[in-house]
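Enquirer: Structure below; questions to follow.
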Amino acid sequence: MLGCVIHDRGDLRVDELPVPEPGPGQALVAVRYGGVCGSDLHYWRHGGVGDFRLREPMVLGHEVVGTVVAYGDGASGPSVGTAVAVHPATPCGVCPECADGRRNVCRDTRYLGSAARFPHVQGGFAARTAVPAEQLRPLPAGLELRRAALAEPLSVALHAVRRAGEVAGRHVLVTGAGPIGCLVVAAAKAAGAARVTVTDLLPRALEFAAAAGADTLVRADDPDDAGWPAEADVAVEASGVAAGLDTCLRLVRRGGVVVQLGMLPPGQSPFPGNLLVSREIDLRGAFRFDTEFDDALGLLASDPAFDALISEVVPVRAAESAFALAADRSRSCKVLLDFGRSG
């Protein structure tokens with residue numbers, strides 16, 4: 001079978017891999033679509049993401065959907081042939097964070113396609129993947145696999161909005177209109193935000209944000225753009241650059257909330273800390289998600305408008321061109337790999 005393997009920075013290969021056998025408690029899934037995530041791009045371009053660095057070849061991918069093929073000993077779940085999405089996280093269940101109901105920051109979690117631990121956790125960008133059976137989620141009625149591939153990034157967005165607290169009736173600022181930023185727009189609107197303003201450097205990215213439901217679009221490199229808000233109640237930083245965090249802290253109201261969602265570059269990042277103090281701004285991190293995955297599937301099933309965020313579906317044999325397209329935000333939002341067209 002074919003799999004998408006990162007060997008080193010800039011060294012992405014479509015390799016022939018052995019078909020896995022599901023072990024005890026596992027399910028074997030025939031992967032149909034895999035979404036190319038920003039972290040996948042970081043592994044490809046930089047050899048790591050944040051503080052997590054590649055130390056061995058790794059199958060990429062954590063945004064995967066497909067159908068159930070078989071189960072290992074002691075495993076059960078949706079019947080063979082059922083269309084499913086795969087929750088990519090396996091928290092340990094025993095650490096203090098898990099005990100406190102914050103399994104998304106479990107200190108010993110396993111996450112598909114992640115170099116956070118060694119040996120790395122191999123990902124789901126392969127024609128077949130074996131995962132713990134409890135990570136399978138059958139798709140709601142009316143949700144087809146292509147749109148369901150957005151479940152993982154939408155879960156990230158839903159978690160970030162929940163970290164912000166109450167947004168109903170409020171003005172939300174989102175910096176960065178990449179796939180996650182656009183899904184934050186959709187998540188904020190679904191949570192009842194009265195107005196969502198989005199900033200980005202690229203006109204095409206802002207078009208995708210508009211498709212996701214943004215009310216106001218602002219060119220981040222144009223200080224005279226009339227769309228800049230005087231202040232926002234909540235700001236979500238989704239660009240992963242220090243300048244975006246700076247914007248959020250300067251434009252959120254006194255006593256407002258800023259959620260840092262984008263993964264910043266390794267090392268120290270400067271930010272206007274005095275504003276945090278003098279304006280009593282709450283700065284919160286948002287990392288991955290937990291139960292939001294099920295909510296994401298329900299939201300995707302109810303709204304076909306999410307289809308507009310899928311720019312291209314590319315056969316896995318052309319994975320490098322798919323990654324190049326996904327990295328070019330002037331041309332794309334979410335790019336999917338198609339493992340059903342691998343021949």
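Simple scheme: letters A, B, ... for chains in structure tokens order, numbers from 1 for residues in each chain, numbers from 1 for ligands in the order shown.
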Tell me, as an NGL selection string, which residues lie within 7 Å of Val64 in chain A, counting only C-alpha atoms; anything in the same chain fewer than 6 positions away does not count.
Expert: :A and (31 or 33-35 or 85-86 or 124 or 149)
Enquirer: Okay, now the selection with N, CA and C atoms, as a PDB file, in the first residue's frame?
Expert:
ATOM      1  N   VAL A  31      -8.322   4.152   4.590  1.00  0.00           N
ATOM      2  CA  VAL A  31      -8.366   5.609   4.547  1.00  0.00           C
ATOM      3  C   VAL A  31      -8.780   6.055   3.150  1.00  0.00           C
ATOM      4  N   TYR A  33      -9.715   9.819   2.611  1.00  0.00           N
ATOM      5  CA  TYR A  33      -9.189  11.180   2.497  1.00  0.00           C
ATOM      6  C   TYR A  33      -8.351  11.532   3.723  1.00  0.00           C
ATOM      7  N   GLY A  34      -7.319  12.328   3.491  1.00  0.00           N
ATOM      8  CA  GLY A  34      -6.514  12.882   4.568  1.00  0.00           C
ATOM      9  C   GLY A  34      -6.264  14.354   4.302  1.00  0.00           C
ATOM     10  N   GLY A  35      -6.579  15.201   5.278  1.00  0.00           N
ATOM     11  CA  GLY A  35      -6.367  16.631   5.113  1.00  0.00           C
ATOM     12  C   GLY A  35      -4.945  17.023   5.436  1.00  0.00           C
ATOM     13  N   ALA A  85     -14.827   8.733  10.858  1.00  0.00           N
ATOM     14  CA  ALA A  85     -13.725   9.668  11.059  1.00  0.00           C
ATOM     15  C   ALA A  85     -12.885   9.137  12.208  1.00  0.00           C
ATOM     16  N   VAL A  86     -11.600   9.428  12.187  1.00  0.00           N
ATOM     17  CA  VAL A  86     -10.684   8.929  13.212  1.00  0.00           C
ATOM     18  C   VAL A  86     -10.264  10.072  14.129  1.00  0.00           C
ATOM     19  N   GLY A 124      -1.728   8.778   9.806  1.00  0.00           N
ATOM     20  CA  GLY A 124      -2.767   8.090   9.059  1.00  0.00           C
ATOM     21  C   GLY A 124      -2.740   8.283   7.567  1.00  0.00           C
ATOM     22  N   ALA A 149     -13.654  15.052   6.338  1.00  0.00           N
ATOM     23  CA  ALA A 149     -12.212  15.216   6.529  1.00  0.00           C
ATOM     24  C   ALA A 149     -11.873  16.528   7.238  1.00  0.00           C
TER      25      ALA A 149
END
Enquirer: Find the residues around Pro78 in chain A up to 9 Å (only C-alpha atoms counted), leave out those fewer than 4 positions away in its own chain, and share them as a ChimeraX atom specification.
Expert: /A:68,82-84,133,136-138
Enquirer: Could those residues be written to a file, using all heavy atoms, as a PDB file, in the first residue's frame?
Expert:
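And here is the file that came out, out_37.pdb:
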ATOM      1  N   VAL A  68     -14.369   1.172   7.863  1.00  0.00           N
ATOM      2  CA  VAL A  68     -13.868   0.101   8.719  1.00  0.00           C
ATOM      3  C   VAL A  68     -13.636  -1.154   7.882  1.00  0.00           C
ATOM      4  O   VAL A  68     -14.505  -1.571   7.105  1.00  0.00           O
ATOM      5  CB  VAL A  68     -14.858  -0.195   9.856  1.00  0.00           C
ATOM      6  CG1 VAL A  68     -14.311  -1.308  10.750  1.00  0.00           C
ATOM      7  CG2 VAL A  68     -15.116   1.054  10.688  1.00  0.00           C
ATOM      8  N   THR A  82     -18.550   0.575   7.565  1.00  0.00           N
ATOM      9  CA  THR A  82     -19.101   1.847   8.019  1.00  0.00           C
ATOM     10  C   THR A  82     -18.126   2.987   7.741  1.00  0.00           C
ATOM     11  O   THR A  82     -16.918   2.857   7.961  1.00  0.00           O
ATOM     12  CB  THR A  82     -19.403   1.801   9.534  1.00  0.00           C
ATOM     13  OG1 THR A  82     -20.367   0.771   9.782  1.00  0.00           O
ATOM     14  CG2 THR A  82     -19.938   3.138  10.037  1.00  0.00           C
ATOM     15  N   ALA A  83     -18.655   4.105   7.269  1.00  0.00           N
ATOM     16  CA  ALA A  83     -17.836   5.300   7.071  1.00  0.00           C
ATOM     17  C   ALA A  83     -17.553   5.940   8.424  1.00  0.00           C
ATOM     18  O   ALA A  83     -18.482   6.167   9.218  1.00  0.00           O
ATOM     19  CB  ALA A  83     -18.548   6.289   6.160  1.00  0.00           C
ATOM     20  N   VAL A  84     -16.269   6.231   8.680  1.00  0.00           N
ATOM     21  CA  VAL A  84     -15.870   6.755   9.984  1.00  0.00           C
ATOM     22  C   VAL A  84     -14.855   7.881   9.844  1.00  0.00           C
ATOM     23  O   VAL A  84     -14.134   7.973   8.854  1.00  0.00           O
ATOM     24  CB  VAL A  84     -15.245   5.650  10.874  1.00  0.00           C
ATOM     25  CG1 VAL A  84     -16.269   4.595  11.237  1.00  0.00           C
ATOM     26  CG2 VAL A  84     -14.021   5.026  10.215  1.00  0.00           C
ATOM     27  N   ALA A 133      -9.690   1.144  18.512  1.00  0.00           N
ATOM     28  CA  ALA A 133     -11.074   1.122  18.034  1.00  0.00           C
ATOM     29  C   ALA A 133     -11.917   2.229  18.643  1.00  0.00           C
ATOM     30  O   ALA A 133     -12.854   2.731  18.005  1.00  0.00           O
ATOM     31  CB  ALA A 133     -11.699  -0.246  18.336  1.00  0.00           C
ATOM     32  N   LEU A 136     -12.667   5.562  16.665  1.00  0.00           N
ATOM     33  CA  LEU A 136     -13.539   5.638  15.491  1.00  0.00           C
ATOM     34  C   LEU A 136     -14.830   6.365  15.830  1.00  0.00           C
ATOM     35  O   LEU A 136     -15.427   6.151  16.890  1.00  0.00           O
ATOM     36  CB  LEU A 136     -13.869   4.238  14.972  1.00  0.00           C
ATOM     37  CG  LEU A 136     -12.709   3.328  14.573  1.00  0.00           C
ATOM     38  CD1 LEU A 136     -13.257   2.056  13.946  1.00  0.00           C
ATOM     39  CD2 LEU A 136     -11.765   4.039  13.612  1.00  0.00           C
ATOM     40  N   ARG A 137     -15.278   7.200  14.912  1.00  0.00           N
ATOM     41  CA  ARG A 137     -16.556   7.886  15.040  1.00  0.00           C
ATOM     42  C   ARG A 137     -17.355   7.678  13.756  1.00  0.00           C
ATOM     43  O   ARG A 137     -16.955   8.165  12.687  1.00  0.00           O
ATOM     44  CB  ARG A 137     -16.368   9.389  15.263  1.00  0.00           C
ATOM     45  CG  ARG A 137     -15.555   9.761  16.487  1.00  0.00           C
ATOM     46  CD  ARG A 137     -16.307   9.428  17.784  1.00  0.00           C
ATOM     47  NE  ARG A 137     -15.612   9.983  18.938  1.00  0.00           N
ATOM     48  CZ  ARG A 137     -14.616   9.386  19.585  1.00  0.00           C
ATOM     49  NH1 ARG A 137     -14.196   8.199  19.184  1.00  0.00           N
ATOM     50  NH2 ARG A 137     -14.055   9.972  20.644  1.00  0.00           N
ATOM     51  N   PRO A 138     -18.485   6.950  13.817  1.00  0.00           N
ATOM     52  CA  PRO A 138     -19.305   6.807  12.612  1.00  0.00           C
ATOM     53  C   PRO A 138     -19.841   8.169  12.174  1.00  0.00           C
ATOM     54  O   PRO A 138     -20.161   9.021  13.011  1.00  0.00           O
ATOM     55  CB  PRO A 138     -20.438   5.871  13.052  1.00  0.00           C
ATOM     56  CG  PRO A 138     -20.474   5.990  14.544  1.00  0.00           C
ATOM     57  CD  PRO A 138     -19.073   6.280  14.987  1.00  0.00           C
TER      58      PRO A 138
END
Enquirer: My list of candidates is A:Asp73, A:Asp307, A:Asp108, A:Asp328. Which is closest to Pro96 in chain A when distances are computed with only C-alpha atoms?
Expert: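 Smallest separation from Pro96 in chain A among the options: A:Asp108.
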Enquirer: I'd like the contact shell of range 18-30 of chain A - 9 Å cut-off, only C-alpha atoms, skipping same-chain residues fewer than 4 positions apart - returned as a count of residues only.
Expert: 30
Enquirer: Which residues come within 9 Å of Ala305 in chain A, counting only C-alpha atoms, excluding same-chain residues fewer than 5 positions away, as number ranges by chain?
Expert: A: 211-212, 300
Enquirer: For the residues in that selection, give me N, CA, C and O atoms as a compact mmCIF listing (two decimals), in the first residue's frame.
Expert:
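Saved as part_8.txt:
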# COMPACT_ATOMS: atom_id res chain seq x y z
N ALA A 211 -16.30 33.07 2.92
CA ALA A 211 -17.10 31.88 2.68
C ALA A 211 -17.44 31.17 3.98
O ALA A 211 -18.49 30.52 4.09
N ALA A 212 -16.55 31.30 4.98
CA ALA A 212 -16.79 30.67 6.28
C ALA A 212 -17.74 31.47 7.14
O ALA A 212 -18.16 30.99 8.20
N LEU A 300 -20.65 19.71 10.78
CA LEU A 300 -20.37 19.47 9.37
C LEU A 300 -21.56 18.83 8.66
O LEU A 300 -21.85 19.14 7.50
Enquirer: Mind pulling up the distance from CA of Asp294 in chain A to CA of Ala188 in chain A?
Expert: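 Result for CA of Ala188 in chain A versus CA of Asp294 in chain A: 16.9 Å, one decimal.
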Enquirer: What parts of range 202-335 of chain A does DSSP call strand (DSSP E or B)? I'd like the answer as an mmCIF file with N, CA, C and O atoms, in the first residue's frame.
Expert:
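Now in states.cif:
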data_model
loop_
_atom_site.group_PDB
_atom_site.id
_atom_site.type_symbol
_atom_site.label_atom_id
_atom_site.label_comp_id
_atom_site.auth_asym_id
_atom_site.auth_seq_id
_atom_site.Cartn_x
_atom_site.Cartn_y
_atom_site.Cartn_z
ATOM 1 N N THR A 216 -16.422 40.985 8.436
ATOM 2 C CA THR A 216 -15.524 42.057 8.025
ATOM 3 C C THR A 216 -14.156 41.473 7.709
ATOM 4 O O THR A 216 -13.629 40.651 8.478
ATOM 5 N N LEU A 217 -13.593 41.899 6.583
ATOM 6 C CA LEU A 217 -12.294 41.411 6.132
ATOM 7 C C LEU A 217 -11.307 42.572 6.108
ATOM 8 O O LEU A 217 -11.624 43.657 5.607
ATOM 9 N N VAL A 218 -10.110 42.341 6.638
ATOM 10 C CA VAL A 218 -9.115 43.414 6.755
ATOM 11 C C VAL A 218 -7.774 42.921 6.220
ATOM 12 O O VAL A 218 -7.312 41.834 6.590
ATOM 13 N N ARG A 219 -7.157 43.728 5.354
ATOM 14 C CA ARG A 219 -5.792 43.436 4.931
ATOM 15 C C ARG A 219 -4.841 43.798 6.060
ATOM 16 O O ARG A 219 -4.742 44.947 6.483
ATOM 17 N N ALA A 232 -12.265 44.711 19.978
ATOM 18 C CA ALA A 232 -13.062 43.489 19.910
ATOM 19 C C ALA A 232 -13.224 42.946 21.320
ATOM 20 O O ALA A 232 -12.436 43.246 22.222
ATOM 21 N N ASP A 233 -14.270 42.153 21.527
ATOM 22 C CA ASP A 233 -14.478 41.544 22.841
ATOM 23 C C ASP A 233 -13.552 40.351 23.057
ATOM 24 O O ASP A 233 -13.072 40.116 24.171
ATOM 25 N N VAL A 234 -13.343 39.613 21.977
ATOM 26 C CA VAL A 234 -12.535 38.396 22.008
ATOM 27 C C VAL A 234 -11.643 38.394 20.783
ATOM 28 O O VAL A 234 -12.068 38.834 19.700
ATOM 29 N N ALA A 235 -10.412 37.929 20.915
ATOM 30 C CA ALA A 235 -9.515 37.790 19.771
ATOM 31 C C ALA A 235 -8.900 36.406 19.779
ATOM 32 O O ALA A 235 -8.468 35.919 20.831
ATOM 33 N N VAL A 236 -8.865 35.779 18.614
ATOM 34 C CA VAL A 236 -8.245 34.465 18.459
ATOM 35 C C VAL A 236 -7.090 34.605 17.478
ATOM 36 O O VAL A 236 -7.301 34.993 16.319
ATOM 37 N N GLU A 237 -5.879 34.316 17.940
ATOM 38 C CA GLU A 237 -4.687 34.420 17.104
ATOM 39 C C GLU A 237 -4.463 33.076 16.413
ATOM 40 O O GLU A 237 -4.082 32.098 17.040
ATOM 41 N N VAL A 252 -8.038 44.019 21.349
ATOM 42 C CA VAL A 252 -9.075 43.505 22.226
ATOM 43 C C VAL A 252 -9.380 44.551 23.303
ATOM 44 O O VAL A 252 -8.510 45.336 23.689
ATOM 45 N N ARG A 253 -10.601 44.578 23.761
ATOM 46 C CA ARG A 253 -11.007 45.594 24.747
ATOM 47 C C ARG A 253 -10.353 45.332 26.104
ATOM 48 O O ARG A 253 -9.827 44.248 26.376
ATOM 49 N N ARG A 254 -10.422 46.309 26.965
ATOM 50 C CA ARG A 254 -9.952 46.138 28.346
ATOM 51 C C ARG A 254 -10.763 45.027 29.008
ATOM 52 O O ARG A 254 -11.991 45.003 28.914
ATOM 53 N N GLY A 255 -10.072 44.128 29.665
ATOM 54 C CA GLY A 255 -10.756 43.005 30.288
ATOM 55 C C GLY A 255 -11.179 41.934 29.301
ATOM 56 O O GLY A 255 -11.881 40.992 29.677
ATOM 57 N N GLY A 256 -10.738 42.055 28.040
ATOM 58 C CA GLY A 256 -11.103 41.081 27.023
ATOM 59 C C GLY A 256 -10.247 39.821 27.086
ATOM 60 O O GLY A 256 -9.366 39.677 27.940
ATOM 61 N N VAL A 257 -10.516 38.916 26.154
ATOM 62 C CA VAL A 257 -9.851 37.619 26.125
ATOM 63 C C VAL A 257 -9.121 37.446 24.796
ATOM 64 O O VAL A 257 -9.696 37.695 23.733
ATOM 65 N N VAL A 258 -7.867 37.025 24.872
ATOM 66 C CA VAL A 258 -7.096 36.662 23.682
ATOM 67 C C VAL A 258 -6.743 35.180 23.790
ATOM 68 O O VAL A 258 -6.218 34.734 24.816
ATOM 69 N N VAL A 259 -7.032 34.434 22.735
ATOM 70 C CA VAL A 259 -6.713 33.011 22.685
ATOM 71 C C VAL A 259 -5.600 32.803 21.664
ATOM 72 O O VAL A 259 -5.760 33.139 20.487
ATOM 73 N N GLN A 260 -4.454 32.285 22.120
ATOM 74 C CA GLN A 260 -3.360 31.967 21.214
ATOM 75 C C GLN A 260 -3.547 30.541 20.719
ATOM 76 O O GLN A 260 -3.369 29.581 21.452
ATOM 77 N N ASP A 282 -7.012 38.749 29.460
ATOM 78 C CA ASP A 282 -6.785 37.329 29.703
ATOM 79 C C ASP A 282 -6.182 36.709 28.450
ATOM 80 O O ASP A 282 -6.813 36.689 27.398
ATOM 81 N N LEU A 283 -4.967 36.181 28.571
ATOM 82 C CA LEU A 283 -4.299 35.493 27.462
ATOM 83 C C LEU A 283 -4.335 33.999 27.739
ATOM 84 O O LEU A 283 -3.802 33.528 28.750
ATOM 85 N N ARG A 284 -4.982 33.253 26.838
ATOM 86 C CA ARG A 284 -5.187 31.822 27.038
ATOM 87 C C ARG A 284 -4.648 31.034 25.853
ATOM 88 O O ARG A 284 -4.765 31.464 24.714
ATOM 89 N N GLY A 285 -4.092 29.892 26.134
ATOM 90 C CA GLY A 285 -3.678 28.992 25.070
ATOM 91 C C GLY A 285 -4.802 28.041 24.706
ATOM 92 O O GLY A 285 -5.700 27.774 25.505
ATOM 93 N N ILE A 310 -12.757 23.442 0.969
ATOM 94 C CA ILE A 310 -11.916 22.385 0.390
ATOM 95 C C ILE A 310 -11.513 22.828 -1.008
ATOM 96 O O ILE A 310 -12.326 22.872 -1.930
ATOM 97 N N SER A 311 -10.250 23.181 -1.161
ATOM 98 C CA SER A 311 -9.771 23.758 -2.416
ATOM 99 C C SER A 311 -9.517 22.713 -3.483
ATOM 100 O O SER A 311 -9.775 22.938 -4.664
ATOM 101 N N GLU A 312 -8.951 21.570 -3.076
ATOM 102 C CA GLU A 312 -8.493 20.584 -4.063
ATOM 103 C C GLU A 312 -8.403 19.218 -3.397
ATOM 104 O O GLU A 312 -8.109 19.105 -2.203
ATOM 105 N N VAL A 313 -8.668 18.179 -4.193
ATOM 106 C CA VAL A 313 -8.480 16.797 -3.764
ATOM 107 C C VAL A 313 -7.461 16.176 -4.716
ATOM 108 O O VAL A 313 -7.674 16.139 -5.931
ATOM 109 N N VAL A 314 -6.336 15.696 -4.162
ATOM 110 C CA VAL A 314 -5.186 15.273 -4.966
ATOM 111 C C VAL A 314 -4.867 13.805 -4.672
ATOM 112 O O VAL A 314 -4.810 13.411 -3.505
ATOM 113 N N PRO A 315 -4.643 12.967 -5.699
ATOM 114 C CA PRO A 315 -4.245 11.577 -5.441
ATOM 115 C C PRO A 315 -2.949 11.517 -4.639
ATOM 116 O O PRO A 315 -2.061 12.357 -4.809
ATOM 117 N N LYS A 334 -8.082 24.356 2.320
ATOM 118 C CA LYS A 334 -7.803 22.988 2.749
ATOM 119 C C LYS A 334 -7.610 22.086 1.525
ATOM 120 O O LYS A 334 -8.445 22.050 0.628
ATOM 121 N N VAL A 335 -6.504 21.351 1.515
ATOM 122 C CA VAL A 335 -6.180 20.392 0.453
ATOM 123 C C VAL A 335 -6.269 18.984 1.036
ATOM 124 O O VAL A 335 -5.726 18.723 2.116
#
Enquirer: Write out as CSV a residue-level contact list of range 166-238 of chain A versus range 243-246 of chain A with cut-off 10 Å: for each qualifying residue the closest pair of atoms and the distance in Å to one decimal, counting only C-alpha atoms, rows sorted by chain and residue number upward.
Expert:
residue,atom,partner,partner_atom,distance
A:Val174,CA,A:Gly244,CA,9.0
A:Thr175,CA,A:Gly244,CA,5.8
A:Gly176,CA,A:Gly244,CA,7.5
A:Thr199,CA,A:Gly244,CA,8.9
A:Asp200,CA,A:Gly244,CA,9.2
A:Ala220,CA,A:Gly244,CA,9.0
A:Ala235,CA,A:Leu245,CA,9.0
A:Val236,CA,A:Leu245,CA,8.6
A:Glu237,CA,A:Leu245,CA,5.8
A:Ala238,CA,A:Gly244,CA,7.7
Enquirer: Quick one: residues within 8 Å of Ala205 in chain A, only C-alpha atoms counted, chain neighbours fewer than 4 positions away excluded, as a ChimeraX atom specification?
Expert: /A:177-178,200-201,209,329-330,332-333
Enquirer: Could you check which of A:Val196, A:Leu249, A:Ala141, A:Gly262 is closest to Asn274 in chain A, using only C-alpha atoms?
Expert: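 That would be A:Leu249, the residue with the smallest distance to Asn274 in chain A.
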